[in-house]
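Source file: my_file30.txt; contents: compact mmCIF, C-alpha atoms.
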# COMPACT_ATOMS: atom_id res chain seq x y z
CA MET Q 144 -22.08 -28.02 142.71
CA THR Q 145 -25.61 -29.13 143.60
CA ASP Q 146 -25.27 -32.47 141.98
CA ASN Q 147 -23.93 -34.65 144.75
CA THR Q 148 -25.82 -37.71 145.86
CA ARG Q 149 -28.36 -37.03 148.56
CA HIS Q 150 -28.08 -40.47 150.05
CA ASP Q 151 -28.45 -40.52 153.82
CA PRO Q 152 -28.08 -43.98 155.43
CA SER Q 153 -30.21 -42.96 158.39
CA ARG Q 154 -33.19 -42.44 156.11
CA SER Q 155 -33.24 -46.08 155.02
CA ALA Q 156 -34.78 -47.22 158.28
CA GLY Q 157 -36.85 -50.33 157.75
CA ALA Q 158 -34.87 -51.43 154.73
CA ASP Q 159 -32.89 -54.65 154.68
CA PRO Q 160 -29.24 -53.50 154.75
CA ASN Q 161 -28.06 -56.30 152.47
CA THR Q 162 -30.73 -55.60 149.89
CA THR Q 163 -30.03 -51.88 150.04
CA ALA Q 164 -26.31 -52.54 149.62
CA LEU Q 165 -27.04 -54.67 146.55
CA LEU Q 166 -29.33 -52.02 145.13
CA ARG Q 167 -26.74 -49.29 145.64
CA THR Q 168 -24.15 -51.40 143.89
CA ALA Q 169 -26.46 -52.22 141.01
CA TYR Q 170 -27.60 -48.61 140.59
CA ARG Q 171 -24.23 -46.98 141.10
CA PRO Q 172 -23.80 -44.23 138.51
CA PRO Q 173 -20.69 -43.98 136.33
CA THR Q 174 -17.82 -42.53 138.33
CA ASP Q 175 -15.61 -41.49 135.44
CA ASP Q 176 -15.67 -37.72 134.95
CA SER Q 177 -15.05 -38.16 131.23
CA TYR Q 178 -18.42 -39.95 130.98
CA TRP Q 179 -20.22 -36.94 132.45
CA GLY Q 180 -18.30 -34.54 130.23
CA GLY Q 181 -19.35 -36.65 127.24
CA LEU Q 182 -22.98 -36.77 128.36
CA GLU Q 183 -23.03 -32.98 128.74
CA GLN Q 184 -21.70 -32.65 125.19
CA ARG Q 185 -24.26 -35.11 123.83
CA VAL Q 186 -27.08 -33.24 125.53
CA MET Q 187 -25.95 -29.91 124.09
CA GLN Q 188 -25.44 -31.43 120.63
CA ARG Q 189 -28.94 -32.80 120.74
CA ILE Q 190 -30.32 -29.41 121.75
CA THR Q 191 -28.41 -27.70 118.94
CA ALA Q 192 -29.60 -30.31 116.45
CA GLY Q 193 -33.14 -29.82 117.73
CA LEU Q 194 -32.83 -26.07 117.20
CA VAL Q 195 -31.60 -26.49 113.62
CA HIS Q 196 -34.37 -29.00 112.96
CA GLY Q 197 -36.91 -26.62 114.47
CA ILE Q 198 -35.74 -23.73 112.28
CA GLN Q 199 -35.96 -25.91 109.18
CA GLU Q 200 -39.46 -26.91 110.17
CA LEU Q 201 -40.53 -23.27 110.47
CA LYS Q 202 -38.90 -22.10 107.20
CA PRO Q 203 -41.27 -22.75 104.26
CA ALA Q 204 -39.63 -24.20 101.17
CA TRP Q 205 -40.71 -23.26 97.64
CA TRP Q 206 -41.97 -26.80 97.08
CA SER Q 207 -43.84 -27.00 100.33
CA GLY Q 208 -47.09 -25.95 98.62
CA PHE Q 209 -46.98 -29.07 96.51
CA GLY Q 210 -46.98 -31.15 99.60
CA GLU Q 211 -50.65 -30.48 100.02
CA PHE Q 212 -51.36 -32.13 96.68
CA ARG Q 213 -49.42 -35.25 97.44
CA THR Q 214 -52.02 -37.24 99.20
CA TRP Q 215 -55.80 -37.18 99.37
CA GLU Q 216 -56.43 -34.06 97.31
CA LEU Q 217 -54.25 -35.26 94.48
CA ARG Q 218 -55.90 -38.66 94.38
CA THR Q 219 -59.35 -37.11 94.48
CA ALA Q 220 -58.56 -34.62 91.72
CA GLY Q 221 -57.06 -37.40 89.62
CA LEU Q 222 -60.08 -39.64 90.07
CA VAL Q 223 -62.50 -36.84 89.15
CA ALA Q 224 -60.47 -35.90 86.06
CA ALA Q 225 -60.22 -39.53 84.96
CA THR Q 226 -63.97 -40.04 85.42
CA ILE Q 227 -64.81 -36.91 83.41
CA GLY Q 228 -62.39 -38.00 80.69
CA LEU Q 229 -63.96 -41.44 80.48
CA LEU Q 230 -67.46 -39.95 80.27
CA VAL Q 231 -66.47 -37.55 77.48
CA ALA Q 232 -64.66 -40.25 75.54
CA GLY Q 233 -67.56 -42.67 76.00
CA SER Q 234 -70.17 -40.20 74.78
CA ALA Q 235 -67.99 -39.30 71.77
CA VAL Q 236 -67.62 -42.96 70.85
CA ALA Q 237 -71.36 -43.53 71.23
CA ARG Q 238 -72.12 -40.45 69.11
CA ASP Q 239 -69.70 -41.61 66.39
CA GLN Q 240 -71.21 -45.08 66.39
CA ALA Q 241 -74.72 -43.67 66.02
CA THR Q 242 -73.59 -41.43 63.17
CA ASP Q 243 -71.88 -44.32 61.45
CA GLN Q 244 -74.95 -46.51 61.86
CA ARG Q 245 -77.14 -43.82 60.39
CA ALA Q 246 -74.77 -43.38 57.47
CA ARG Q 247 -74.65 -47.13 56.89
CA ASP Q 248 -78.45 -47.33 56.92
CA MET Q 249 -78.74 -44.47 54.47
CA ALA Q 250 -76.09 -45.96 52.20
CA ALA Q 251 -77.79 -49.34 52.29
CA ARG Q 252 -81.15 -47.80 51.46
CA ASP Q 253 -79.59 -45.81 48.63
CA ALA Q 254 -77.91 -48.91 47.32
CA VAL Q 255 -81.16 -50.88 47.36
CA GLU Q 256 -83.14 -48.08 45.87
CA SER Q 257 -80.59 -47.39 43.12
CA ALA Q 258 -80.55 -51.10 42.24
CA LEU Q 259 -84.31 -51.05 41.46
CA PRO Q 260 -84.76 -49.35 38.06
CA LEU Q 261 -88.50 -49.69 38.16
CA PRO Q 262 -91.17 -49.29 40.78
CA ILE Q 263 -91.79 -52.57 42.50
CA ASP Q 264 -95.36 -52.79 41.28
CA ASP Q 265 -94.15 -52.59 37.70
CA VAL Q 266 -91.55 -55.22 38.28
CA MET Q 267 -94.04 -57.52 39.90
CA LEU Q 268 -96.49 -56.97 37.17
CA THR Q 269 -94.11 -57.30 34.23
CA ARG Q 270 -92.39 -60.35 35.69
CA ALA Q 271 -95.51 -62.00 36.97
CA ARG Q 272 -97.36 -61.82 33.77
CA PRO Q 273 -95.27 -64.33 31.71
CA ASN Q 274 -95.49 -66.86 34.52
CA LEU Q 275 -99.19 -66.78 34.80
CA PRO Q 276 -101.01 -69.84 33.78
CA PRO Q 277 -102.49 -69.29 30.41
CA ASP Q 278 -105.98 -69.69 31.70
CA ALA Q 279 -105.74 -67.06 34.48
CA PRO Q 280 -108.50 -64.56 34.31
CA GLU Q 281 -107.03 -61.38 32.86
CA ARG Q 282 -109.42 -59.13 34.69
CA TYR Q 283 -108.56 -60.56 38.10
CA LEU Q 284 -104.80 -60.36 37.72
CA ASN Q 285 -104.62 -56.95 36.08
CA PRO Q 286 -107.77 -55.08 37.07
CA LEU Q 287 -106.39 -51.61 36.18
CA ASP Q 288 -106.21 -52.54 32.56
CA TYR Q 289 -109.94 -52.97 32.54
CA MET E 12 -30.74 -17.20 149.17
CA SER E 13 -27.39 -19.02 149.07
CA ALA E 14 -24.61 -18.15 146.67
CA ASP E 15 -25.18 -21.42 144.90
CA ALA E 16 -28.86 -20.71 144.47
CA LEU E 17 -28.07 -17.21 143.21
CA ALA E 18 -25.59 -18.62 140.72
CA GLU E 19 -28.17 -21.10 139.50
CA ARG E 20 -30.80 -18.40 139.16
CA ALA E 21 -28.38 -16.33 137.10
CA LEU E 22 -27.79 -19.32 134.84
CA VAL E 23 -31.52 -19.89 134.42
CA LEU E 24 -32.17 -16.24 133.55
CA ALA E 25 -29.31 -16.21 131.06
CA ALA E 26 -30.50 -19.46 129.49
CA GLN E 27 -34.00 -18.05 129.20
CA ALA E 28 -32.48 -15.09 127.39
CA GLY E 29 -30.99 -17.47 124.83
CA ASP E 30 -27.51 -18.10 126.26
CA HIS E 31 -26.63 -21.71 125.38
CA THR E 32 -23.51 -21.65 127.50
CA ALA E 33 -25.65 -20.87 130.51
CA PHE E 34 -27.89 -23.83 129.72
CA ALA E 35 -24.78 -26.01 129.40
CA GLY E 36 -23.91 -24.84 132.91
CA LEU E 37 -27.31 -26.07 134.12
CA VAL E 38 -26.74 -29.41 132.38
CA HIS E 39 -23.35 -29.66 134.09
CA ARG E 40 -24.89 -28.98 137.48
CA HIS E 41 -27.87 -31.30 137.25
CA GLN E 42 -26.97 -34.19 134.97
CA ARG E 43 -25.84 -36.59 137.72
CA ARG E 44 -28.99 -36.21 139.73
CA ALA E 45 -31.09 -36.34 136.58
CA TYR E 46 -29.34 -39.59 135.71
CA ALA E 47 -30.06 -41.00 139.18
CA VAL E 48 -33.75 -40.17 138.83
CA ALA E 49 -33.95 -41.71 135.38
CA ARG E 50 -31.93 -44.76 136.38
CA ALA E 51 -34.33 -45.47 139.23
CA ILE E 52 -37.21 -45.68 136.77
CA VAL E 53 -35.74 -47.50 133.77
CA LEU E 54 -33.92 -50.80 133.84
CA SER E 55 -30.72 -50.02 131.98
CA HIS E 56 -27.96 -47.46 131.87
CA ASP E 57 -28.59 -46.75 128.18
CA ASP E 58 -32.26 -46.03 128.76
CA ALA E 59 -31.34 -43.77 131.68
CA GLU E 60 -28.99 -41.78 129.46
CA ASP E 61 -31.69 -41.50 126.78
CA ALA E 62 -34.11 -40.25 129.40
CA VAL E 63 -31.60 -37.65 130.62
CA GLN E 64 -31.07 -36.35 127.09
CA GLU E 65 -34.80 -36.30 126.38
CA GLY E 66 -35.44 -34.55 129.69
CA PHE E 67 -32.90 -31.79 129.08
CA LEU E 68 -34.21 -31.31 125.55
CA HIS E 69 -37.81 -30.96 126.81
CA ALA E 70 -36.63 -28.61 129.57
CA PHE E 71 -34.79 -26.43 127.06
CA ARG E 72 -37.85 -26.17 124.86
CA ALA E 73 -40.06 -25.34 127.85
CA LEU E 74 -37.56 -23.00 129.48
CA GLU E 75 -39.55 -19.85 128.76
CA ARG E 76 -42.44 -21.28 130.79
CA PHE E 77 -40.25 -21.89 133.84
CA ARG E 78 -40.62 -19.31 136.60
CA PRO E 79 -37.18 -18.43 138.04
CA GLU E 80 -38.51 -18.25 141.60
CA GLN E 81 -39.13 -22.02 141.45
CA ALA E 82 -36.48 -24.65 142.19
CA PHE E 83 -34.96 -25.49 138.83
CA GLY E 84 -33.78 -28.92 140.00
CA ALA E 85 -37.22 -30.06 141.09
CA TRP E 86 -38.75 -28.84 137.83
CA LEU E 87 -36.06 -30.52 135.73
CA HIS E 88 -36.17 -33.81 137.63
CA ARG E 89 -39.90 -34.04 137.15
CA ILE E 90 -39.39 -33.64 133.42
CA VAL E 91 -36.62 -36.26 133.39
CA ALA E 92 -38.81 -38.63 135.43
CA ASN E 93 -41.60 -38.22 132.88
CA ALA E 94 -39.17 -38.94 130.04
CA ALA E 95 -37.94 -42.04 131.90
CA LEU E 96 -41.48 -43.23 132.58
CA ASP E 97 -42.26 -42.83 128.91
CA ILE E 98 -39.22 -44.88 127.92
CA ALA E 99 -40.05 -47.53 130.54
CA ARG E 100 -43.58 -47.85 129.18
CA ARG E 101 -42.27 -48.25 125.66
CA ARG E 102 -39.89 -50.99 126.76
CA LYS E 103 -41.94 -53.06 129.13
CA VAL E 104 -40.37 -56.35 128.21
CA ARG E 105 -36.64 -56.36 128.68
CA ASP E 106 -33.96 -59.00 128.94
CA ALA E 107 -32.93 -59.99 132.41
CA ASP E 108 -29.29 -59.08 131.84
CA GLU E 109 -29.48 -55.33 132.17
CA LEU E 110 -27.65 -55.09 135.49
CA PRO E 111 -23.90 -55.23 134.87
CA GLU E 112 -22.33 -58.50 135.85
CA THR E 113 -18.98 -56.93 136.60
CA LEU E 114 -20.15 -54.71 139.43
CA SER E 115 -18.46 -55.20 142.74
CA SER E 116 -20.53 -56.77 145.45
CA PRO E 117 -20.75 -56.15 149.17
CA HIS E 118 -20.55 -59.92 149.72
CA ARG E 119 -17.12 -61.48 150.10
CA ASP E 120 -18.05 -64.92 148.76
CA PRO E 121 -18.10 -64.47 144.97
CA ALA E 122 -20.54 -67.35 144.50
CA VAL E 123 -23.03 -65.85 146.93
CA ALA E 124 -22.49 -62.41 145.43
CA ASP E 125 -23.18 -63.66 141.92
CA GLU E 126 -26.24 -65.57 142.98
CA LEU E 127 -27.57 -62.62 144.95
CA ARG E 128 -27.01 -60.31 142.03
CA ALA E 129 -28.86 -62.65 139.72
CA ARG E 130 -31.68 -62.94 142.24
CA LEU E 131 -31.80 -59.18 142.63
CA THR E 132 -31.98 -58.73 138.87
CA SER E 133 -34.80 -61.22 138.66
CA ALA E 134 -36.63 -59.72 141.63
CA LEU E 135 -36.33 -56.21 140.22
CA HIS E 136 -37.84 -57.40 136.96
CA THR E 137 -40.77 -59.03 138.69
CA LEU E 138 -41.33 -55.91 140.75
CA GLY E 139 -43.78 -53.40 139.33
CA GLU E 140 -42.26 -50.48 137.47
CA ARG E 141 -43.51 -47.94 139.99
CA GLN E 142 -42.53 -49.96 143.07
CA ARG E 143 -39.04 -50.45 141.67
CA ALA E 144 -38.68 -46.74 141.07
CA VAL E 145 -39.95 -45.92 144.55
CA ILE E 146 -37.55 -48.24 146.39
CA VAL E 147 -34.54 -47.06 144.40
CA LEU E 148 -35.43 -43.41 144.78
CA HIS E 149 -35.98 -43.83 148.50
CA ASP E 150 -33.40 -46.37 149.66
CA VAL E 151 -30.67 -45.66 147.13
CA GLU E 152 -31.12 -42.01 146.22
CA GLY E 153 -32.52 -40.75 149.51
CA TYR E 154 -35.69 -39.05 148.30
CA LYS E 155 -38.58 -38.52 150.71
CA HIS E 156 -42.00 -40.02 150.09
CA ALA E 157 -43.49 -36.66 149.18
CA GLU E 158 -40.67 -35.90 146.75
CA ILE E 159 -41.10 -39.30 145.13
CA GLY E 160 -44.80 -38.62 144.82
CA VAL E 161 -44.07 -35.38 142.98
CA LEU E 162 -41.50 -37.02 140.73
CA LEU E 163 -43.68 -39.95 139.74
CA GLY E 164 -47.00 -38.13 139.83
CA ILE E 165 -48.50 -40.27 142.61
CA PRO E 166 -49.84 -39.45 146.08
CA GLU E 167 -47.38 -39.57 148.97
CA GLY E 168 -49.37 -42.41 150.56
CA THR E 169 -49.02 -44.48 147.42
CA ALA E 170 -45.27 -43.93 147.44
CA ARG E 171 -45.16 -45.07 151.07
CA SER E 172 -47.24 -48.15 150.31
CA ASP E 173 -45.18 -48.99 147.21
CA LEU E 174 -41.99 -48.77 149.25
CA HIS E 175 -43.36 -51.18 151.83
CA HIS E 176 -44.41 -53.74 149.22
CA ALA E 177 -41.19 -53.40 147.24
CA ARG E 178 -39.03 -53.96 150.31
CA ALA E 179 -41.07 -57.01 151.33
CA HIS E 180 -40.84 -58.43 147.82
CA LEU E 181 -37.07 -58.04 147.56
CA ARG E 182 -36.49 -59.30 151.12
CA ARG E 183 -38.54 -62.39 150.37
CA GLU E 184 -36.77 -63.10 147.09
CA LEU E 185 -33.29 -62.65 148.50
CA SER E 186 -33.84 -64.23 151.92
CA ASN E 187 -34.68 -67.55 150.26
CA LEU E 188 -31.20 -67.65 148.83
CA ARG E 189 -29.59 -66.71 152.12
CA SER E 190 -31.47 -69.45 153.96
CA GLU E 191 -30.51 -71.93 151.24
CA LYS E 192 -26.87 -71.00 151.73

Would you mind writing the file's structure down as structure tokens?
Amino acid sequence: MTDNTRHDPSRSAGADPNTTALLRTAYRPPTDDSYWGGLEQRVMQRITAGLVHGIQELKPAWWSGFGEFRTWELRTAGLVAATIGLLVAGSAVARDQATDQRARDMAARDAVESALPLPIDDVMLTRARPNLPPDAPERYLNPLDY
Amino acid sequence: MSADALAERALVLAAQAGDHTAFAGLVHRHQRRAYAVARAIVLSHDDAEDAVQEGFLHAFRALERFRPEQAFGAWLHRIVANAALDIARRRKVRDADELPETLSSPHRDPAVADELRARLTSALHTLGERQRAVIVLHDVEGYKHAEIGVLLGIPEGTARSDLHHARAHLRRELSNLRSEK
């Protein structure tokens, strides 16, 4: 096995022996063989898990195409659609209001016009005449009759 | 080439061909040294184990890029050292109780041993991450300056300088206690 410690006391020249002894104690690796057997298993399990994960990453799922619509593109498309919808609805409302206004104006005009049985000049003339002072000059007030 | 080296080369070639059992053989061979490298860089046993697992996982994924004529151990330990450095950077601030309190001590007086251990823990925490790694790799694990430079990605001269400063720092911290006693 190539895994033995390579410590060589003669190569620690210049080091304080007490400090080095403390360091070696503090950094002593686990000595239980079962620990190393367990670590080997954990390493291999992690590698196997990494392989499975890697395969899953490479395999495209049927829903993976939707993933592209989940973020920016989806929000952008939604905003554009909502804006267009608002514009269309707004213009339709404005057009309806204008049509209604026109219809109301026409109805009002019809109502006024249908309520006047005579031309306004006739009305003015026929109604004004009884109220005239008796001494009003006839020629001035009703020139067409002369 | 020695029989051991030939056996390791066979394992590497088989692992590169997709044989997981062969890679498990490489893990079995190198995990103790990989742990020692990682443990020199991080402050706790748990972080060292995480670094070992990360290192082997990275090595497995990069196995096809490894050239069999290289030394597998050196290549692997560099990867483990990088994983440990990454973990150490992520966990800069750690509690001062990482070193086990139940470890035996070379000092016969338990009071002195406990005090020294506490001082050592404190001194190791105040030591820079790189200097701590260098002194442990050199004085505890027996690596040469050049090897440490390769492991940590620093020039050999820097490793030599770091070792000098780390030794002086620890000697100063611990000698105060000895003189007090």

Can you work out which residues from chain E touch chain Q at a cut-off of 6 Å (counting only C-alpha atoms) and hand them back as a VMD selection string?
chain E and resid 40 to 41 43 to 44 64 68 150 to 153

Rounded to one decimal in Å, what is the spacing between atom CA of E:Gly29 and atom CA of E:Ala73?
12.4 Å

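Atom pair atom CA of E:Glu167 / atom CA of E:Ala144: separated by 13.8 Å.
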
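Here atom CA of E:Val23 is placed at a distance of 20.8 Å from atom CA of E:Leu162.
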
Write out as a PyMOL selection string which residues come within 9 Å of stretch 45-58 of chain E when counting only C-alpha atoms, dropping same-chain ones fewer than 4 positions away.
(chain Q and resi 146+148+170-172) or (chain E and resi 41+62-63+66-67+84+87-89+91-96+98-99+102+105+109-110+135-136+140-141+143-148+151-152+162)

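With distances restricted to all atoms listed in the file, E:Ala85 is the closest residue to E:Ile159 from E:Ala85, E:Arg183, E:Asp30, E:His69.
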